[in-house]
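*Asks:* Provided below: run.tsv, containing TSV, C-alpha atoms.
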chain	number	residue	atom	x	y	z
A	1	HIS	CA	46.45	-48.67	-55.81
A	2	HIS	CA	44.41	-50.72	-53.38
A	3	SER	CA	44.84	-54.42	-52.81
A	4	PRO	CA	41.68	-56.54	-52.18
A	5	PHE	CA	42.88	-57.50	-48.73
A	6	SER	CA	42.23	-56.00	-45.35
A	7	ILE	CA	44.85	-56.08	-42.61
A	8	SER	CA	43.93	-54.93	-39.14
A	9	THR	CA	46.25	-54.06	-36.29
A	10	ALA	CA	45.47	-52.79	-32.80
A	11	PHE	CA	46.62	-49.30	-31.82
A	12	HIS	CA	45.83	-47.61	-28.52
A	13	PRO	CA	47.33	-44.11	-28.42
A	14	SER	CA	45.87	-43.48	-24.97
A	15	SER	CA	48.08	-46.19	-23.41
A	16	LYS	CA	51.20	-44.76	-25.11
A	17	LEU	CA	50.37	-41.25	-23.90
A	18	GLU	CA	49.93	-42.46	-20.32
A	19	LYS	CA	53.34	-44.15	-20.39
A	20	ALA	CA	54.82	-40.97	-21.84
A	21	ARG	CA	53.21	-38.86	-19.09
A	22	GLN	CA	54.59	-41.15	-16.37
A	23	HIS	CA	58.04	-40.98	-17.93
A	24	LEU	CA	58.04	-37.20	-18.19
A	25	ILE	CA	57.25	-36.59	-14.53
A	26	THR	CA	60.52	-38.24	-13.49
A	27	ASP	CA	63.54	-36.05	-12.76
A	28	HIS	CA	64.54	-34.46	-16.08
A	29	THR	CA	65.53	-30.95	-16.96
A	30	PRO	CA	62.95	-28.91	-18.91
A	31	MET	CA	65.01	-29.26	-22.11
A	32	GLN	CA	65.26	-33.04	-21.67
A	33	GLN	CA	61.51	-33.23	-21.06
A	34	LEU	CA	60.82	-31.23	-24.23
A	35	LEU	CA	63.09	-33.45	-26.34
A	36	LEU	CA	61.52	-36.58	-24.90
A	37	LEU	CA	58.04	-35.24	-25.59
A	38	LEU	CA	58.89	-34.47	-29.22
A	39	LEU	CA	60.39	-37.93	-29.67
A	40	ILE	CA	57.35	-39.64	-28.17
A	41	LEU	CA	54.88	-37.59	-30.24
A	42	SER	CA	56.85	-38.40	-33.40
A	43	PHE	CA	56.65	-42.11	-32.57
A	44	ILE	CA	52.90	-41.94	-31.92
A	45	LEU	CA	52.19	-40.08	-35.17
A	46	GLN	CA	54.29	-42.56	-37.15
A	47	THR	CA	52.50	-45.52	-35.56
A	48	TYR	CA	49.11	-43.91	-36.22
A	49	ALA	CA	49.98	-43.35	-39.90
A	50	GLN	CA	51.13	-46.95	-40.28
A	51	ASP	CA	47.93	-48.14	-38.61
A	52	ASN	CA	45.78	-46.14	-41.02
A	53	ALA	CA	47.69	-47.57	-43.97
A	54	THR	CA	47.38	-51.18	-42.86
A	55	ASN	CA	43.69	-50.75	-42.03
A	56	ALA	CA	42.88	-49.57	-45.55
A	57	THR	CA	40.06	-51.80	-46.78
A	58	TRP	CA	39.23	-52.79	-50.32
A	59	SER	CA	36.48	-50.48	-51.56
A	60	GLY	CA	35.12	-53.03	-53.98
A	61	CYS	CA	33.68	-52.28	-57.40
A	62	THR	CA	30.91	-49.69	-57.26
A	63	ALA	CA	29.87	-46.64	-59.28
A	64	PRO	CA	28.03	-43.52	-58.08
A	65	GLY	CA	24.45	-43.33	-59.29
A	66	THR	CA	23.97	-47.06	-59.81
A	67	ASN	CA	21.78	-49.39	-57.77
A	68	PRO	CA	23.99	-50.87	-55.01
A	69	TYR	CA	22.09	-54.15	-55.48
A	70	VAL	CA	21.67	-56.26	-58.60
A	71	LYS	CA	18.21	-55.70	-60.07
A	72	ILE	CA	17.01	-57.09	-63.38
A	73	GLY	CA	16.89	-54.32	-65.97
A	74	ASP	CA	18.93	-51.83	-63.92
A	75	PRO	CA	22.56	-50.84	-64.55
A	76	THR	CA	25.02	-52.74	-62.38
A	77	THR	CA	28.74	-52.28	-61.91
A	78	ILE	CA	31.51	-54.61	-63.09
A	79	CYS	CA	35.26	-53.98	-63.01
A	80	LEU	CA	37.90	-55.67	-65.13
A	81	VAL	CA	41.35	-55.49	-63.54
A	82	VAL	CA	44.66	-56.04	-65.34
A	83	SER	CA	47.82	-56.59	-63.30
A	84	GLY	CA	51.23	-58.22	-63.49
A	85	GLY	CA	50.43	-61.29	-61.42
A	86	GLY	CA	52.20	-62.05	-58.16
A	87	ASN	CA	51.12	-61.89	-54.55
A	88	TRP	CA	48.54	-59.14	-54.01
A	89	SER	CA	49.10	-59.01	-50.25
A	90	LYS	CA	52.52	-57.46	-50.99
A	91	GLY	CA	51.00	-54.63	-53.04
A	92	MET	CA	50.18	-54.55	-56.73
A	93	ASP	CA	50.12	-52.09	-59.62
A	94	TYR	CA	47.09	-52.51	-61.83
A	95	ARG	CA	44.68	-50.93	-64.28
A	96	ARG	CA	40.95	-51.15	-63.82
A	97	TRP	CA	38.15	-50.69	-66.35
A	98	LEU	CA	34.69	-50.00	-64.90
A	99	PHE	CA	31.49	-50.38	-66.88
A	100	THR	CA	27.79	-50.56	-66.07
A	101	PRO	CA	25.92	-53.16	-68.12
A	102	THR	CA	22.26	-53.94	-67.63
A	103	ALA	CA	21.86	-56.65	-65.00
A	104	ASP	CA	20.96	-60.09	-66.36
A	105	GLU	CA	21.49	-59.15	-69.99
A	106	TYR	CA	24.24	-61.19	-71.61
A	107	SER	CA	27.11	-58.68	-71.70
A	108	TYR	CA	30.45	-58.54	-73.45
A	109	LEU	CA	33.50	-56.40	-72.78
A	110	SER	CA	36.24	-56.20	-75.37
A	111	ILE	CA	39.25	-53.97	-74.78
A	112	ASP	CA	40.37	-52.63	-78.14
A	113	ARG	CA	44.09	-52.80	-78.87
A	114	SER	CA	44.69	-54.70	-75.64
A	115	TYR	CA	46.89	-57.22	-77.49
A	116	HIS	CA	48.93	-54.48	-79.14
A	117	GLU	CA	49.30	-52.34	-76.04
A	118	LEU	CA	49.57	-54.88	-73.22
A	119	ILE	CA	51.57	-57.53	-75.07
A	120	ASN	CA	53.47	-55.80	-77.89
A	121	GLY	CA	53.82	-52.42	-76.22
A	122	ASN	CA	53.96	-53.60	-72.57
A	123	VAL	CA	51.81	-50.63	-71.57
A	124	GLY	CA	51.55	-50.68	-67.78
A	125	GLY	CA	54.58	-52.93	-67.43
A	126	PHE	CA	52.50	-56.05	-66.71
A	127	GLN	CA	54.63	-58.53	-68.64
A	128	ASP	CA	55.58	-61.35	-68.43
A	129	LYS	CA	52.51	-62.45	-66.46
A	130	THR	CA	49.73	-60.18	-67.64
A	131	THR	CA	46.83	-61.22	-65.41
A	132	ILE	CA	43.16	-60.29	-65.14
A	133	HIS	CA	40.32	-60.69	-62.72
A	134	VAL	CA	36.73	-59.47	-62.43
A	135	GLU	CA	35.12	-57.56	-59.55
A	136	SER	CA	31.53	-56.66	-58.69
A	137	GLN	CA	30.36	-55.16	-55.40
A	138	LYS	CA	32.63	-56.80	-52.78
A	139	SER	CA	33.45	-59.96	-54.70
A	140	ALA	CA	36.35	-60.87	-56.97
A	141	SER	CA	37.07	-63.81	-59.23
A	142	PHE	CA	40.17	-65.95	-59.34
A	143	LEU	CA	43.05	-64.50	-61.36
A	144	ARG	CA	43.44	-65.59	-64.98
A	145	ARG	CA	46.50	-65.15	-67.17
A	146	TYR	CA	45.92	-63.11	-70.30
A	147	TYR	CA	49.54	-63.47	-71.39
A	148	SER	CA	52.33	-65.77	-70.24
A	149	GLY	CA	55.69	-64.52	-71.47
A	150	GLU	CA	57.44	-67.65	-70.21
A	151	GLU	CA	55.31	-69.90	-72.41
A	152	ASN	CA	54.49	-67.30	-75.11
A	153	GLN	CA	50.78	-68.07	-74.70
A	154	ILE	CA	47.78	-65.75	-74.85
A	155	PHE	CA	44.36	-66.56	-73.35
A	156	PRO	CA	41.97	-63.99	-74.87
A	157	HIS	CA	38.47	-65.49	-74.32
A	158	LEU	CA	36.76	-65.69	-70.92
A	159	THR	CA	33.26	-65.83	-69.43
A	160	ALA	CA	32.63	-64.63	-65.86
A	161	ILE	CA	29.62	-65.97	-63.94
A	162	ILE	CA	28.37	-63.53	-61.30
A	163	ASN	CA	26.63	-65.36	-58.47
A	164	VAL	CA	23.95	-63.27	-56.75
A	165	ASP	CA	21.69	-63.82	-53.74
A	166	LYS	CA	18.82	-61.33	-53.37
A	167	GLY	CA	20.77	-58.62	-55.16
A	168	VAL	CA	24.06	-59.16	-53.31
A	169	VAL	CA	27.01	-60.55	-55.27
A	170	LYS	CA	28.28	-63.59	-53.37
A	171	GLY	CA	31.01	-64.71	-55.73
A	172	ILE	CA	32.38	-64.65	-59.27
A	173	THR	CA	33.49	-67.80	-61.04
A	174	TRP	CA	34.91	-68.50	-64.48
A	175	ASP	CA	32.93	-70.59	-66.96
A	176	ASP	CA	34.37	-73.52	-68.90
A	177	ALA	CA	36.76	-71.84	-71.35
A	178	CYS	CA	37.74	-75.07	-73.10
A	179	LEU	CA	34.83	-74.74	-75.52
A	180	PHE	CA	36.98	-72.46	-77.64
A	181	CYS	CA	39.58	-75.06	-78.64
A	182	GLN	CA	40.61	-78.67	-78.89
A	183	PRO	CA	41.67	-80.44	-75.66
A	184	ASP	CA	45.39	-80.15	-76.41
A	185	ARG	CA	45.00	-76.37	-76.43
A	186	CYS	CA	43.27	-76.15	-73.04
A	187	ILE	CA	45.47	-75.92	-69.94
A	188	GLU	CA	45.22	-74.80	-66.31
A	189	ASN	CA	45.02	-71.01	-66.09
A	190	SER	CA	43.64	-69.88	-62.72
A	191	TYR	CA	45.40	-68.45	-59.68
A	192	TYR	CA	44.69	-67.31	-56.15
A	193	PHE	CA	45.60	-63.75	-55.13
A	194	SER	CA	48.63	-65.29	-53.44
A	195	SER	CA	49.78	-66.27	-56.98
A	196	GLU	CA	49.41	-69.99	-56.18
A	197	PRO	CA	47.63	-72.09	-58.87
A	198	ALA	CA	43.91	-72.67	-58.31
A	199	VAL	CA	42.98	-76.07	-59.72
A	200	GLY	CA	39.37	-77.23	-59.88
A	201	PRO	CA	36.24	-77.14	-62.04
A	202	SER	CA	36.47	-74.58	-64.85
A	203	THR	CA	40.01	-73.43	-64.06
A	204	LYS	CA	41.39	-74.09	-67.54
A	205	GLY	CA	41.61	-71.86	-70.61
A	206	CYS	CA	42.38	-72.01	-74.34
A	207	PHE	CA	45.51	-70.35	-75.61
A	208	TYR	CA	46.98	-68.94	-78.80
A	209	GLU	CA	50.72	-68.91	-79.23
A	210	GLN	CA	52.33	-65.50	-79.50
A	211	ALA	CA	53.44	-66.18	-83.08
A	212	GLU	CA	49.88	-67.08	-84.03
A	213	CYS	CA	48.50	-63.85	-82.59
A	214	ALA	CA	51.17	-61.88	-84.45
A	215	SER	CA	50.17	-63.60	-87.70
A	216	LEU	CA	46.47	-62.93	-87.12
A	217	SER	CA	47.22	-59.32	-86.25
A	218	ALA	CA	49.22	-58.90	-89.48
A	219	GLN	CA	46.11	-60.05	-91.35
A	220	GLY	CA	44.06	-57.34	-89.66
A	221	GLN	CA	42.36	-59.72	-87.24
A	222	ASP	CA	42.42	-58.46	-83.65
A	223	ILE	CA	41.38	-61.87	-82.35
A	224	CYS	CA	43.88	-61.89	-79.50
A	225	LYS	CA	42.53	-58.78	-77.79
A	226	LEU	CA	41.10	-59.30	-74.32
A	227	ASN	CA	37.45	-60.41	-74.45
A	228	VAL	CA	35.32	-61.09	-71.37
A	229	HIS	CA	31.68	-62.19	-71.39
A	230	PHE	CA	29.43	-61.77	-68.34
A	231	VAL	CA	26.35	-63.65	-67.15
A	232	TRP	CA	24.42	-63.67	-63.88
A	233	THR	CA	22.90	-66.46	-61.82
A	234	GLY	CA	20.84	-66.52	-58.60
A	235	SER	CA	18.26	-63.92	-57.63
A	236	ASP	CA	18.00	-60.14	-57.86
A	237	VAL	CA	17.09	-57.73	-55.06
A	238	ASP	CA	13.38	-58.44	-55.65
A	239	GLY	CA	13.86	-62.19	-55.47
A	240	ARG	CA	13.47	-62.78	-59.22
A	241	ASN	CA	15.57	-65.51	-60.84
A	242	LEU	CA	18.47	-64.32	-63.00
A	243	LYS	CA	18.40	-66.09	-66.36
A	244	SER	CA	21.40	-64.90	-68.40
A	245	PHE	CA	23.38	-67.83	-66.96
A	246	ASN	CA	21.56	-70.01	-69.51
A	247	SER	CA	23.03	-67.93	-72.37
A	248	ARG	CA	26.68	-68.67	-71.60
A	249	TYR	CA	28.66	-70.64	-74.16
A	250	SER	CA	28.96	-73.80	-72.06
A	251	ALA	CA	25.15	-74.06	-71.89
A	252	PHE	CA	25.19	-75.07	-75.54
A	253	ILE	CA	26.53	-78.56	-75.08
A	254	GLY	CA	27.72	-80.60	-78.05
A	255	ALA	CA	29.54	-78.08	-80.23
A	256	ARG	CA	32.73	-76.11	-79.83
A	257	ILE	CA	32.75	-72.42	-80.64
A	258	PRO	CA	34.44	-71.70	-84.00
A	259	LEU	CA	37.15	-69.05	-83.95
A	260	PRO	CA	39.00	-67.43	-86.85
A	261	THR	CA	41.94	-69.58	-87.85
A	262	ILE	CA	45.19	-69.40	-89.77
A	263	PRO	CA	46.79	-72.33	-91.65
A	264	GLY	CA	48.36	-74.90	-89.35
A	265	LEU	CA	46.25	-74.11	-86.29
A	266	ASN	CA	44.36	-76.98	-84.69
A	267	TRP	CA	41.20	-75.03	-83.92
A	268	PRO	CA	37.70	-76.38	-84.65
Take the structure in this file and express it as structure tokens.
*Replies:*
Amino acid sequence: HHSPFSISTAFHPSSKLEKARQHLITDHTPMQQLLLLLLILSFILQTYAQDNATNATWSGCTAPGTNPYVKIGDPTTICLVVSGGGNWSKGMDYRRWLFTPTADEYSYLSIDRSYHELINGNVGGFQDKTTIHVESQKSASFLRRYYSGEENQIFPHLTAIINVDKGVVKGITWDDACLFCQPDRCIENSYYFSSEPAVGPSTKGCFYEQAECASLSAQGQDICKLNVHFVWTGSDVDGRNLKSFNSRYSAFIGARIPLPTIPGLNWP
């Protein structure tokens, strides 16, 4: 799996070969020269392979056959990535879902059975810090916890805002997720790819407790499955203003969004 980081190192095989040539012309028997040559070539090939690996760049989130730029009314590519949290620069196992919604139409991605498989079944082995982020073109959002095993909390509802300038995605931010619950249910839930907390505007999220999700699930309500909404802001490749940003939940100031409840829950 690829990590969204690029590491570059310098490698000049020509300089190594010149040093090897100078070393081989000194007084050695033919057998010694052959062994030295094989040793040097092995070192160069190993260094070259390591260089290729460390120079691997993040390919971003794209799909063949789609417009490489955001254009109103055209399919565009979004990726939802699930991982186990941690520091991505050290390598990361993950699963990625790719879909192609119509640009600037309010879009919604719900992963069926994600609660049952990721949390109950631990499919993918992403517990106890099941984490998600969103990608589009060469941009990625902050990380958000979907499940915290340490706190037994699940954060199922998110809205990603895709910021675009003339068709090029410049960034992805999370919308205010505290509309889904009362203030005592909304806590910090954003992280950098280094795994450090990212605290700022719209970095909080509403949580269910694990026991509450289990109770809802027993009633046939798959409310705790992973749900991500998408809106766009800025301008498309033709310079037209993107308007779906005005359809996000936080644009409707003054009322919290009602969610299905069970007795004893302090939801609106």
*Asks:* Nearest residue to Phe180 of chain A out of A:Gly85, A:Gly205, A:Gly149, A:Gly73, using all atoms listed in the file?
*Replies:* A:Gly205
*Asks:* Record the distance separating atom CA of Leu118 of chain A and atom CA of Val228 of chain A, expressed in Å with one decimal.
*Replies:*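 Atom CA of Val228 of chain A lies at a distance of 15.7 Å from atom CA of Leu118 of chain A.
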*Asks:* May I ask for the distance between atom CA of Phe126 of chain A and atom CA of Lys90 of chain A, given in Å to one decimal place?
*Replies:*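 If I compute the distance from atom CA of Phe126 of chain A to atom CA of Lys90 of chain A, I get 15.8 Å.
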*Asks:* I'd like the contact shell of Val168 of chain A - 8 Å cut-off, all atoms listed in the file, skipping same-chain residues fewer than 6 positions apart - returned as a PDB file with C-alpha atoms, in the coordinates of the input.
*Replies:*
ATOM      1  CA  TYR A  69      22.090 -54.150 -55.480  1.00  0.00           C
ATOM      2  CA  VAL A  70      21.670 -56.260 -58.600  1.00  0.00           C
ATOM      3  CA  GLN A 137      30.360 -55.160 -55.400  1.00  0.00           C
ATOM      4  CA  ASP A 236      18.000 -60.140 -57.860  1.00  0.00           C
ATOM      5  CA  VAL A 237      17.090 -57.730 -55.060  1.00  0.00           C
TER       6      VAL A 237
END
*Asks:* Would you compute, for all listed atoms of segment 171-181 of chain A, the axis-aligned bounding box grown by 5 Å on each side, and then report its centre and edge lengths in Å rounded to one decimal, as JSON?
*Replies:*
{"center_x": 35.3, "center_y": -69.9, "center_z": -67.2, "size_x": 18.6, "size_y": 20.4, "size_z": 32.9}
*Asks:* Name the residues in contact with Val199 of chain A at a cut-off of 10 Å, using all atoms listed in the file, excluding same-chain residues fewer than 6 positions from it; report them as a list of chain:residue names.
*Replies:*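 Final neighbour list, sorted by chain and number: A:Glu188, A:Asn189, A:Ser190, A:Tyr191, A:Tyr192.
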*Asks:* Measuring between all atoms listed in the file, which one of A:Phe245, A:Phe193, A:Phe207, A:Phe230 shows the shortest distance to Leu109 of chain A?
*Replies:*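 Smallest distance to Leu109 of chain A is found for A:Phe230.
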*Asks:* Of the residues A:Cys224, A:Val81, A:Ala63, A:Val123, which is the one nearest to Thr100 of chain A, using all atoms listed in the file?
*Replies:*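 Once distances to Thr100 of chain A are computed over all atoms listed in the file, the minimum belongs to A:Ala63.
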*Asks:* Of the candidates A:Gln153, A:Ser194, A:Ile187, A:Asn87, which one gets nearest to Glu209 of chain A if we count all atoms listed in the file?
*Replies:* A:Gln153
*Asks:* What's the separation between atom CA of Thr66 of chain A and atom CA of Ser141 of chain A, in Å to one decimal place?
*Replies:*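 We find that atom CA of Thr66 of chain A and atom CA of Ser141 of chain A lie 21.3 Å from each other.
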*Asks:* Kindly indicate which residue among A:Glu105, A:Cys181, A:His116, A:Asp74 lies nearest to Ala218 of chain A, using all atoms listed in the file for the distances.
*Replies:*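 Using all atoms listed in the file, the shortest distance to Ala218 of chain A belongs to A:His116.
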*Asks:* In terms of the shortest atom-to-atom distance over all atoms listed in the file, which of A:Asn122, A:Ser83, A:Thr130, A:Ser136 is closest to Ser59 of chain A?
*Replies:*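 Among the listed residues, A:Ser136 lies closest to Ser59 of chain A.
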*Asks:* Determine, counting all atoms listed in the file, every residue of protein, DNA or RNA that lies within 9 Å of (40.8, -75.6, -76.5) in the file coordinates, then give the result as a count of residues only.
*Replies:* 17
*Asks:* Set the distance at 10 Å and use only C-alpha atoms: which residues neighbour Glu135 of chain A once local chain neighbours fewer than 2 positions away are removed? I'd like the list as a PyMOL selection string.
*Replies:* chain A and resi 4+60-62+77-81+96+98+133+137-142+160+162+169+171-172
